>>> print(open('structure-v3.txt').read())   # compact mmCIF, C-alpha atoms and all ligand atoms
# COMPACT_ATOMS: atom_id res chain seq x y z
CA MET I 1 14.31 -47.01 22.11
CA THR I 2 11.34 -45.03 20.80
CA GLY I 3 11.37 -41.22 20.14
CA ALA I 4 9.61 -38.72 22.42
CA ARG I 5 5.82 -38.92 22.11
CA PRO I 6 4.14 -35.78 20.70
CA SER I 7 2.64 -33.54 23.36
CA ALA I 8 -1.12 -32.93 23.60
CA ALA I 9 -0.62 -29.45 22.08
CA GLN I 10 1.33 -30.91 19.13
CA ARG I 11 -1.39 -33.53 18.58
CA ARG I 12 -4.09 -30.81 18.61
CA SER I 13 -2.12 -28.72 16.15
CA THR I 14 -1.67 -31.71 13.80
CA THR I 15 -5.40 -32.49 13.96
CA ARG I 16 -6.27 -28.86 13.18
CA ARG I 17 -3.94 -28.87 10.20
CA GLU I 18 -5.42 -32.14 8.91
CA THR I 19 -8.96 -30.77 9.27
CA ARG I 20 -8.00 -27.64 7.36
CA GLU I 21 -6.31 -29.67 4.64
CA ARG I 22 -9.45 -31.80 4.27
CA TRP I 23 -11.58 -28.64 4.06
CA ALA I 24 -9.22 -27.19 1.42
CA GLU I 25 -9.47 -30.39 -0.64
CA GLU I 26 -13.26 -30.32 -0.47
CA ILE I 27 -13.65 -26.68 -1.52
CA SER I 28 -11.02 -27.22 -4.26
CA ALA I 29 -12.98 -30.20 -5.62
CA ARG I 30 -16.24 -28.18 -5.58
CA ALA I 31 -14.54 -25.26 -7.36
CA GLU I 32 -12.99 -27.61 -9.92
CA ALA I 33 -16.45 -28.96 -10.77
CA TYR I 34 -18.19 -25.56 -10.69
CA TRP I 35 -15.67 -23.43 -12.59
CA THR I 36 -15.81 -25.03 -16.01
CA ALA I 37 -13.98 -23.27 -18.84
CA GLU I 38 -17.38 -22.10 -20.11
CA ARG I 39 -18.34 -20.56 -16.74
CA ILE I 40 -14.96 -18.87 -16.30
CA HIS I 41 -15.32 -17.39 -19.77
CA GLY I 42 -18.93 -16.30 -19.18
CA GLN I 43 -18.50 -14.75 -15.72
CA LEU I 44 -14.87 -13.63 -15.58
CA GLY I 45 -14.11 -12.99 -19.24
CA ASP I 46 -11.04 -13.86 -21.23
CA LYS I 47 -8.63 -11.76 -19.18
CA ASP I 48 -5.43 -13.38 -17.96
CA LEU I 49 -6.51 -14.68 -14.54
CA MET I 50 -3.79 -14.65 -11.89
CA LEU I 51 -6.01 -16.53 -9.46
CA PRO I 52 -8.08 -19.01 -11.44
CA PRO I 53 -11.04 -19.83 -9.16
CA ASN I 54 -10.64 -23.53 -9.90
CA GLU I 55 -7.03 -23.39 -8.61
CA ALA I 56 -7.15 -20.83 -5.79
CA ALA I 57 -10.41 -21.95 -4.16
CA PRO I 58 -9.23 -22.18 -0.49
CA LEU I 59 -7.83 -18.64 -0.72
CA LEU I 60 -10.92 -17.23 -2.42
CA ARG I 61 -13.17 -18.93 0.13
CA ALA I 62 -11.05 -17.62 3.03
CA LEU I 63 -11.40 -14.14 1.55
CA GLY I 64 -15.17 -14.61 1.27
CA LEU I 65 -15.04 -14.16 -2.51
CA ILE I 66 -16.57 -17.53 -3.33
CA LYS I 67 -19.48 -19.11 -1.48
CA ALA I 68 -19.56 -22.59 0.08
CA ASP I 69 -20.77 -24.02 -3.25
CA ALA I 70 -17.80 -22.25 -4.98
CA SER I 71 -20.05 -19.79 -6.86
CA MET I 72 -19.37 -16.02 -6.83
CA SER I 73 -21.85 -13.20 -6.19
CA PRO I 74 -21.76 -10.13 -8.50
CA SER I 75 -19.96 -8.13 -5.77
CA GLY I 76 -17.55 -11.07 -5.33
CA VAL I 77 -16.82 -10.92 -9.08
CA ARG I 78 -16.06 -7.18 -8.84
CA LYS I 79 -13.66 -7.59 -5.91
CA TYR I 80 -12.12 -10.66 -7.56
CA MET I 81 -11.38 -8.71 -10.76
CA GLN I 82 -9.88 -5.89 -8.66
CA ILE I 83 -7.41 -8.07 -6.79
CA ASN I 84 -6.63 -10.05 -9.93
CA HIS I 85 -5.68 -6.77 -11.59
CA MET I 86 -3.61 -5.60 -8.63
CA VAL I 87 -1.43 -8.74 -8.59
CA LYS I 88 -0.97 -8.60 -12.33
CA LEU I 89 0.39 -5.09 -11.97
CA LEU I 90 2.82 -5.95 -9.18
CA GLU I 91 3.86 -9.40 -10.36
CA SER I 92 6.96 -8.40 -12.35
CA VAL I 93 8.43 -6.31 -9.50
CA PHE I 94 7.84 -9.01 -6.90
CA VAL I 95 9.31 -11.69 -9.14
CA ALA I 96 12.35 -9.48 -9.79
CA LEU I 97 12.74 -9.00 -6.02
CA ALA I 98 12.45 -12.74 -5.43
CA ARG I 99 15.26 -13.38 -7.93
CA ARG I 100 17.61 -11.28 -5.79
CA ALA I 101 16.44 -12.17 -2.28
CA PRO I 102 16.28 -15.80 -1.13
CA VAL I 103 13.42 -14.87 1.22
CA VAL I 104 11.35 -11.80 0.32
CA ARG I 105 10.15 -9.82 3.36
CA VAL I 106 6.97 -7.81 2.90
CA LEU I 107 5.03 -5.50 5.19
CA ASP I 108 1.35 -4.75 4.51
CA ALA I 109 0.62 -1.52 6.38
CA GLY I 110 -3.08 -1.04 7.24
CA CYS I 111 -3.81 -4.57 6.01
CA GLY I 112 -7.50 -4.50 7.03
CA SER I 113 -9.23 -7.77 6.17
CA SER I 114 -6.02 -8.96 4.55
CA HIS I 115 -7.09 -9.26 0.92
CA LEU I 116 -3.75 -8.12 -0.41
CA THR I 117 -1.65 -9.82 2.29
CA LEU I 118 -3.24 -13.21 1.64
CA LEU I 119 -3.13 -12.73 -2.06
CA LEU I 120 0.60 -12.01 -2.04
CA ALA I 121 1.22 -14.97 0.25
CA TRP I 122 -0.74 -17.22 -2.11
CA CYS I 123 1.22 -15.96 -5.13
CA PHE I 124 4.58 -16.47 -3.42
CA GLU I 125 3.59 -19.99 -2.37
CA HIS I 126 1.67 -21.28 -5.39
CA ARG I 127 2.29 -19.06 -8.39
CA TRP I 128 5.83 -17.72 -8.07
CA ARG I 129 7.03 -20.56 -5.82
CA ARG I 130 9.42 -18.32 -3.91
CA SER I 131 10.07 -18.00 -0.19
CA ALA I 132 8.52 -15.03 1.58
CA ARG I 133 7.66 -13.70 5.01
CA ILE I 134 4.77 -11.32 5.15
CA LEU I 135 3.64 -9.21 8.08
CA GLY I 136 0.22 -7.55 8.10
CA VAL I 137 -0.29 -4.61 10.47
CA ASP I 138 -3.54 -2.90 11.35
CA ARG I 139 -4.64 -0.77 14.29
CA ASN I 140 -7.86 -2.80 14.61
CA ALA I 141 -7.16 -5.75 16.94
CA GLN I 142 -10.41 -7.55 16.04
CA ILE I 143 -9.60 -7.42 12.34
CA ILE I 144 -6.12 -8.77 13.08
CA GLU I 145 -7.61 -11.74 14.94
CA ARG I 146 -9.82 -12.49 11.93
CA CYS I 147 -6.80 -12.17 9.59
CA ARG I 148 -5.00 -14.87 11.57
CA GLU I 149 -7.99 -17.19 11.16
CA ARG I 150 -8.12 -16.48 7.44
CA ALA I 151 -4.41 -17.19 7.02
CA GLU I 152 -4.89 -20.55 8.76
CA MET I 153 -7.94 -21.29 6.68
CA ALA I 154 -6.04 -20.62 3.45
CA LEU I 155 -3.11 -22.78 4.69
CA LEU I 156 -0.82 -19.75 4.45
CA ASP I 157 -0.06 -19.26 8.13
CA ASP I 158 3.50 -20.56 7.70
CA LEU I 159 4.56 -17.41 5.88
CA LEU I 160 2.12 -14.89 7.34
CA ARG I 161 2.07 -13.05 10.65
CA TYR I 162 -0.16 -10.23 11.88
CA GLU I 163 0.28 -7.48 14.44
CA ALA I 164 -2.26 -5.08 15.92
CA SER I 165 -0.62 -1.64 15.99
CA THR I 166 -0.83 1.77 14.42
CA ILE I 167 1.77 2.21 11.70
CA ASP I 168 3.53 5.15 13.35
CA GLU I 169 3.86 3.32 16.67
CA LEU I 170 5.02 0.03 15.17
CA ASP I 171 8.37 -1.14 16.54
CA LEU I 172 9.14 -3.04 13.37
CA PRO I 173 12.51 -4.60 14.36
CA ALA I 174 11.06 -5.99 17.60
CA VAL I 175 7.79 -7.16 16.03
CA TRP I 176 9.61 -8.79 13.13
CA ALA I 177 12.07 -10.60 15.41
CA ASP I 178 9.20 -11.85 17.55
CA ALA I 179 6.95 -12.87 14.66
CA PHE I 180 9.50 -14.68 12.52
CA ASP I 181 12.26 -15.42 15.00
CA GLU I 182 14.57 -13.39 12.76
CA LYS I 183 16.62 -10.55 14.24
CA SER I 184 17.51 -7.40 12.26
CA PRO I 185 17.62 -8.79 8.70
CA GLU I 186 18.95 -6.37 6.14
CA PRO I 187 16.87 -4.68 4.81
CA LEU I 188 14.22 -5.15 7.45
CA VAL I 189 11.61 -5.44 4.70
CA HIS I 190 12.19 -5.54 0.94
CA ALA I 191 8.72 -4.29 0.09
CA LEU I 192 5.99 -2.31 1.76
CA VAL I 193 2.46 -2.37 0.42
CA ALA I 194 -0.37 -0.14 1.69
CA LEU I 195 -3.73 -0.50 0.03
CA HIS I 196 -6.22 2.22 0.98
CA ALA I 197 -4.74 2.98 4.40
CA CYS I 198 -6.87 5.85 5.67
CA ASP I 199 -5.83 9.51 5.22
CA THR I 200 -2.38 10.16 6.71
CA ALA I 201 -1.83 6.44 7.53
CA THR I 202 -0.52 6.27 3.95
CA ASP I 203 2.07 8.92 4.87
CA ASP I 204 3.03 6.95 7.99
CA ALA I 205 3.47 3.87 5.80
CA LEU I 206 5.62 5.74 3.26
CA ALA I 207 7.77 7.23 6.04
CA LEU I 208 8.31 3.78 7.53
CA ALA I 209 9.24 2.31 4.15
CA ILE I 210 11.78 5.08 3.53
CA ASP I 211 13.13 4.67 7.05
CA VAL I 212 13.80 0.94 6.70
CA GLY I 213 15.11 1.33 3.14
CA ALA I 214 12.39 -0.79 1.49
CA GLU I 215 13.37 -1.50 -2.12
CA LEU I 216 9.79 -1.44 -3.34
CA ILE I 217 6.79 0.58 -2.18
CA ALA I 218 3.31 0.04 -3.58
CA ALA I 219 0.82 2.41 -1.97
CA ALA I 220 -2.74 3.05 -3.13
CA PRO I 221 -3.85 6.04 -1.02
CA CYS I 222 -7.35 6.53 0.31
CA CYS I 223 -9.61 9.35 1.49
CA GLN I 224 -6.96 12.08 1.89
CA ALA I 225 -8.43 14.78 4.11
CA GLU I 226 -5.38 16.61 5.44
CA LEU I 227 -4.79 19.06 2.60
CA ALA I 228 -8.53 19.59 1.99
CA ARG I 229 -8.92 20.55 5.67
CA ARG I 230 -6.12 23.09 5.33
CA TRP I 231 -7.73 24.54 2.21
CA ALA I 232 -11.08 24.89 4.00
CA GLU I 233 -9.27 26.86 6.73
CA LEU I 234 -7.67 29.12 4.10
CA ASP I 235 -11.07 29.67 2.52
CA ASN I 236 -12.60 30.57 5.90
CA ALA I 237 -9.75 33.00 6.52
CA ASP I 238 -10.39 34.65 3.10
CA ALA I 239 -6.80 33.89 2.13
CA SER I 240 -5.75 34.41 -1.45
CA GLY I 241 -3.59 32.31 -3.72
CA PRO I 242 -3.55 30.63 -7.12
CA PHE I 243 -5.73 27.75 -5.87
CA GLU I 244 -8.33 30.05 -4.28
CA PRO I 245 -11.23 28.99 -6.60
CA ILE I 246 -10.67 25.42 -5.49
CA TRP I 247 -10.33 26.19 -1.76
CA GLY I 248 -13.93 27.46 -1.67
CA ALA I 249 -15.58 24.57 -3.58
CA PRO I 250 -15.90 21.46 -1.36
CA HIS I 251 -16.14 18.95 -4.23
CA LEU I 252 -13.17 20.37 -6.13
CA ARG I 253 -11.31 20.76 -2.84
CA ARG I 254 -11.62 17.04 -2.05
CA GLU I 255 -10.78 15.89 -5.58
CA VAL I 256 -7.87 18.24 -6.21
CA ALA I 257 -6.44 17.88 -2.69
CA ALA I 258 -6.29 14.09 -3.13
CA THR I 259 -4.42 14.40 -6.42
CA MET I 260 -2.12 17.14 -5.13
CA THR I 261 -1.34 15.15 -1.97
CA ASP I 262 -0.19 12.31 -4.21
CA ALA I 263 1.89 14.74 -6.29
CA LEU I 264 3.53 16.07 -3.10
CA ARG I 265 4.14 12.51 -1.87
CA THR I 266 5.71 11.65 -5.22
CA LEU I 267 8.14 14.58 -4.95
CA LEU I 268 9.10 13.72 -1.36
CA LEU I 269 9.67 10.07 -2.26
CA ARG I 270 11.85 11.15 -5.18
CA GLY I 271 13.76 13.48 -2.87
CA CYS I 272 14.36 10.51 -0.55
CA GLY I 273 15.89 8.45 -3.36
CA TYR I 274 12.98 6.63 -5.00
CA ALA I 275 11.99 6.39 -8.66
CA VAL I 276 8.23 6.86 -8.49
CA THR I 277 5.49 6.03 -10.98
CA PRO I 278 2.02 7.27 -10.06
CA MET I 279 -0.42 5.13 -12.07
CA GLU I 280 -4.00 3.89 -12.34
CA PHE I 281 -4.06 0.42 -10.82
CA VAL I 282 -7.65 -0.63 -11.50
CA PRO I 283 -10.32 0.86 -13.75
CA SER I 284 -12.35 3.51 -11.91
CA THR I 285 -15.45 1.31 -12.28
CA HIS I 286 -13.91 -0.93 -9.56
CA THR I 287 -13.04 1.90 -7.16
CA PRO I 288 -12.54 5.66 -7.57
CA LYS I 289 -9.52 5.37 -5.26
CA ASN I 290 -7.48 3.84 -8.01
CA THR I 291 -4.15 5.65 -7.92
CA LEU I 292 -1.10 3.55 -7.16
CA LEU I 293 2.23 5.09 -6.20
CA ARG I 294 4.80 2.55 -7.24
CA ALA I 295 8.25 3.46 -5.95
CA VAL I 296 11.54 1.67 -6.44
CA ARG I 297 14.55 2.65 -4.35
CA VAL I 298 17.47 4.01 -6.37
CA GLY I 299 19.35 5.28 -3.29
CA GLY I 300 20.90 8.58 -2.22
CA SER I 301 18.78 11.67 -2.08
CA ALA I 302 17.71 14.10 -4.80
CA PRO I 303 17.49 17.67 -3.40
CA GLU I 304 16.00 19.09 -6.62
CA HIS I 305 12.83 17.13 -5.90
CA PHE I 306 12.63 18.64 -2.42
CA GLU I 307 12.83 22.06 -4.12
CA ARG I 308 9.98 21.09 -6.43
CA TYR I 309 8.03 19.98 -3.38
CA VAL I 310 8.53 23.39 -1.74
CA VAL I 311 7.49 25.23 -4.92
CA LEU I 312 4.31 23.16 -5.27
CA ARG I 313 3.53 23.35 -1.54
CA GLU I 314 3.76 27.15 -1.61
CA ALA I 315 1.55 27.39 -4.69
CA LEU I 316 -1.02 25.21 -2.92
CA GLY I 317 -1.22 27.42 0.15
CA GLY I 318 1.93 26.58 2.11
CA ALA I 319 0.94 23.57 4.24
CA ASP I 320 3.22 20.55 4.55
CA ILE I 321 1.70 17.09 4.18
CA ALA I 322 2.18 14.53 6.97
CA LEU I 323 4.96 12.72 5.09
CA ALA I 324 7.15 15.85 5.20
CA ARG I 325 6.82 15.88 8.99
CA SER I 326 7.57 12.19 9.44
CA ILE I 327 10.59 11.58 7.18
CA SER I 328 13.85 10.89 9.01
CA ALA I 329 16.03 13.70 10.38
CA ASP I 330 18.54 13.48 7.47
CA HIS I 331 15.87 13.88 4.82
CA ARG I 332 14.15 16.55 6.89
CA ARG I 333 17.42 18.55 6.95
CA ALA I 334 17.72 18.23 3.16
CA LEU I 335 14.15 19.49 2.84
CA GLU I 336 14.90 22.47 5.10
CA GLU I 337 17.94 23.30 2.99
CA ALA I 338 15.71 23.19 -0.10
CA GLU I 339 13.34 25.62 1.66
CA ARG I 340 16.24 28.02 2.28
CA ARG I 341 17.35 27.82 -1.35
CA CYS I 342 13.79 28.43 -2.52
CA ALA I 343 13.46 31.46 -0.23
CA SER I 344 16.59 33.18 -1.63
CA PRO I 345 16.14 35.56 -4.61
CA GLN I 346 18.13 33.13 -6.77
CA GLY I 347 16.11 30.14 -5.58
CA PRO I 348 13.90 28.02 -7.81
CA TYR I 349 10.68 29.36 -6.31
CA PHE I 350 11.46 32.86 -7.49
CA SER I 351 12.73 31.68 -10.86
CA VAL I 352 9.41 29.89 -11.44
CA ALA I 353 7.47 32.99 -10.36
CA THR I 354 9.44 35.38 -12.57
CA LYS I 355 8.46 33.37 -15.62
CA VAL I 356 4.96 34.82 -15.40
CA PRO I 357 5.75 38.35 -16.74
CA ASP I 358 7.60 36.75 -19.71
CA GLN I 359 4.29 35.20 -20.69
CA GLY I 360 2.78 38.61 -21.14
CA SER I 361 0.68 38.97 -17.98
CA GLY I 362 2.18 42.40 -17.46
CA GLY I 363 2.26 42.05 -13.69
CA GLY I 364 4.85 40.68 -11.31
CA VAL I 365 4.12 37.68 -9.17
CA SER I 366 5.16 37.95 -5.59
CA ALA I 367 6.57 35.06 -3.70
C1 LIG U 401 -10.01 0.98 3.92
S1 LIG U 401 -9.24 -0.21 4.94
C2 LIG U 401 -8.19 -1.03 3.77
C3 LIG U 401 -7.78 -2.37 4.23
C4 LIG U 401 -6.96 -3.23 3.26
N1 LIG U 401 -5.64 -2.67 3.04
C5 LIG U 401 -7.71 -3.45 1.97
O1 LIG U 401 -7.41 -2.77 0.99
O2 LIG U 401 -8.61 -4.28 1.93
C6 LIG U 401 -8.10 0.77 5.89
C7 LIG U 401 -7.48 0.03 7.05
O3 LIG U 401 -6.43 0.84 7.55
C8 LIG U 401 -6.43 0.70 8.97
N2 LIG U 401 -5.75 1.90 9.51
C9 LIG U 401 -6.14 3.19 9.41
N3 LIG U 401 -5.27 4.00 10.00
C10 LIG U 401 -4.29 3.21 10.49
C11 LIG U 401 -3.09 3.46 11.21
N4 LIG U 401 -2.73 4.72 11.51
N5 LIG U 401 -2.32 2.43 11.57
C12 LIG U 401 -2.69 1.16 11.24
N6 LIG U 401 -3.82 0.84 10.57
C13 LIG U 401 -4.61 1.87 10.18
C14 LIG U 401 -7.89 0.58 9.34
O4 LIG U 401 -8.06 -0.05 10.60
C15 LIG U 401 -8.44 -0.24 8.19
O5 LIG U 401 -8.44 -1.61 8.47
>>> encode(input="structure-v3.txt", output="structure tokens")
Amino acid sequence: MTGARPSAAQRRSTTRRETRERWAEEISARAEAYWTAERIHGQLGDKDLMLPPNEAAPLLRALGLIKADASMSPSGVRKYMQINHMVKLLESVFVALARRAPVVRVLDAGCGSSHLTLLLAWCFEHRWRRSARILGVDRNAQIIERCRERAEMALLDDLLRYEASTIDELDLPAVWADAFDEKSPEPLVHALVALHACDTATDDALALAIDVGAELIAAAPCCQAELARRWAELDNADASGPFEPIWGAPHLRREVAATMTDALRTLLLRGCGYAVTPMEFVPSTHTPKNTLLRAVRVGGSAPEHFERYVVLREALGGADIALARSISADHRRALEEAERRCASPQGPYFSVATKVPDQGSGGGVSA
């Protein structure tokens, strides 16, 4: 007796896979011939390359970083160096995660064209040789369609799924169960990455990561406008405060608001039980948006950091950032308690303020 014959759909899927594998072999052979040691040295330097172009050709072609003849344009070289750097920075934490979890679950929030998503998938599959499931989410449905094609092209579609949704509306348990046929794993995701998710989308991503108890968060924020908008309003209203000279200067407002938003995010993340390292993740020649908030969950909550958040927020003009509004009810309650402590005469806000006369200013500082 013979086994069941494959269906037409199965035959089509097998043919597609074979075609892709042939394509991957061809581009790999071209890259092998093109990227001689001399060329790698001349164009990409001596730096430790996480994605040698002669080894990762199908991925680099799927990402549009090498051309059909396997060469790289100057802008391709810049982007290549950027993502090479990013993986290098995150490698040790992902490998540590993979040692503990048999299958590492990762969410890329605001994945865009999927550079980072694909890169991580490639590293799990070919460099770290560990099992992973990676979900990329973006509000742009067209981009998501293109991401799916790229994942297929790079032969990484086994471990990658994509979903078109805004981050704050994402029903992660349902989407995960549907995408990977895996119901309510614990934790839902081990790691959340968000590379240049626009404005408050970074806050939505951080809130989601905290909510699902992600062990690792790697977020490189982008174009923060929320706090700068608030400062422009304060300037228009002729408000006064320590940051007044910055409120009225658009360039300083944008620059300082971006840095202060990251400082406020850092304090909130710490309050929610994360050890946070804000760091430069690529040289500013690659992109000026080069701050990475790397956060590792230590558990519990740390109210003193919520107090520091309140103190800094008040000094900056009193406006909350989006993350403060979107953290879970428990953390929100802890933040409100910190606000009450700060508002009492014995609270930390007043103790910071009363330090000013000790420094010889001669005047009191009101809360
Ligand atoms: C600057 S791109 C960065 C894309 C990608 N992470 C990268 O670094 O190449 C920002 C992406 O975030 C997406 N985005 C912005 N706000 C979002 C939201 N609230 N929910 C989901 N995606 C969002 C945009 O559609 C866009 O693709």
>>> residues_near_ligand(input="structure-v3.txt", ligand="ligand LIG 401 (chain U)", cutoff="7 Å", atoms="only C-alpha atoms and all ligand atoms", output="compact mmCIF listing (two decimals) with C-alpha atoms, keeping the file's coordinate frame")
# COMPACT_ATOMS: atom_id res chain seq x y z
CA ALA I 109 0.62 -1.52 6.38
CA GLY I 110 -3.08 -1.04 7.24
CA CYS I 111 -3.81 -4.57 6.01
CA GLY I 112 -7.50 -4.50 7.03
CA SER I 113 -9.23 -7.77 6.17
CA SER I 114 -6.02 -8.96 4.55
CA HIS I 115 -7.09 -9.26 0.92
CA LEU I 116 -3.75 -8.12 -0.41
CA VAL I 137 -0.29 -4.61 10.47
CA ASP I 138 -3.54 -2.90 11.35
CA ARG I 139 -4.64 -0.77 14.29
CA ASN I 140 -7.86 -2.80 14.61
CA SER I 165 -0.62 -1.64 15.99
CA THR I 166 -0.83 1.77 14.42
CA ILE I 167 1.77 2.21 11.70
CA ASP I 168 3.53 5.15 13.35
CA ALA I 194 -0.37 -0.14 1.69
CA LEU I 195 -3.73 -0.50 0.03
CA HIS I 196 -6.22 2.22 0.98
CA ALA I 197 -4.74 2.98 4.40
CA CYS I 198 -6.87 5.85 5.67
CA ALA I 201 -1.83 6.44 7.53
>>> atom_distance(input="structure-v3.txt", atom1="atom CA of His331 of chain I", atom2="atom CA of Cys272 of chain I")
6.5 Å
>>> closest_residue(input="structure-v3.txt", among="I:Glu149, I:Asp203, I:Glu25, I:Glu307", to="Gln224 of chain I", atoms="all atoms listed in the file")
I:Asp203
>>> atom_distance(input="structure-v3.txt", atom1="atom CA of Ile134 of chain I", atom2="atom CA of Val298 of chain I")
23.0 Å
>>> atom_distance(input="structure-v3.txt", atom1="atom CA of Ala179 of chain I", atom2="atom CA of Val87 of chain I")
25.1 Å
>>> closest_residue(input="structure-v3.txt", among="I:Ala141, I:Leu293, I:Leu159, I:Ala177", to="Cys222 of chain I", atoms="only C-alpha atoms")
I:Leu293
>>> closest_residue(input="structure-v3.txt", among="I:Ala121, I:Val103, I:Ile327, I:Ile246", to="Leu227 of chain I", atoms="only C-alpha atoms")
I:Ile246
>>> closest_residue(input="structure-v3.txt", among="I:Trp122, I:Phe94, I:Phe180, I:Tyr309", to="Ala218 of chain I", atoms="all atoms listed in the file")
I:Phe94
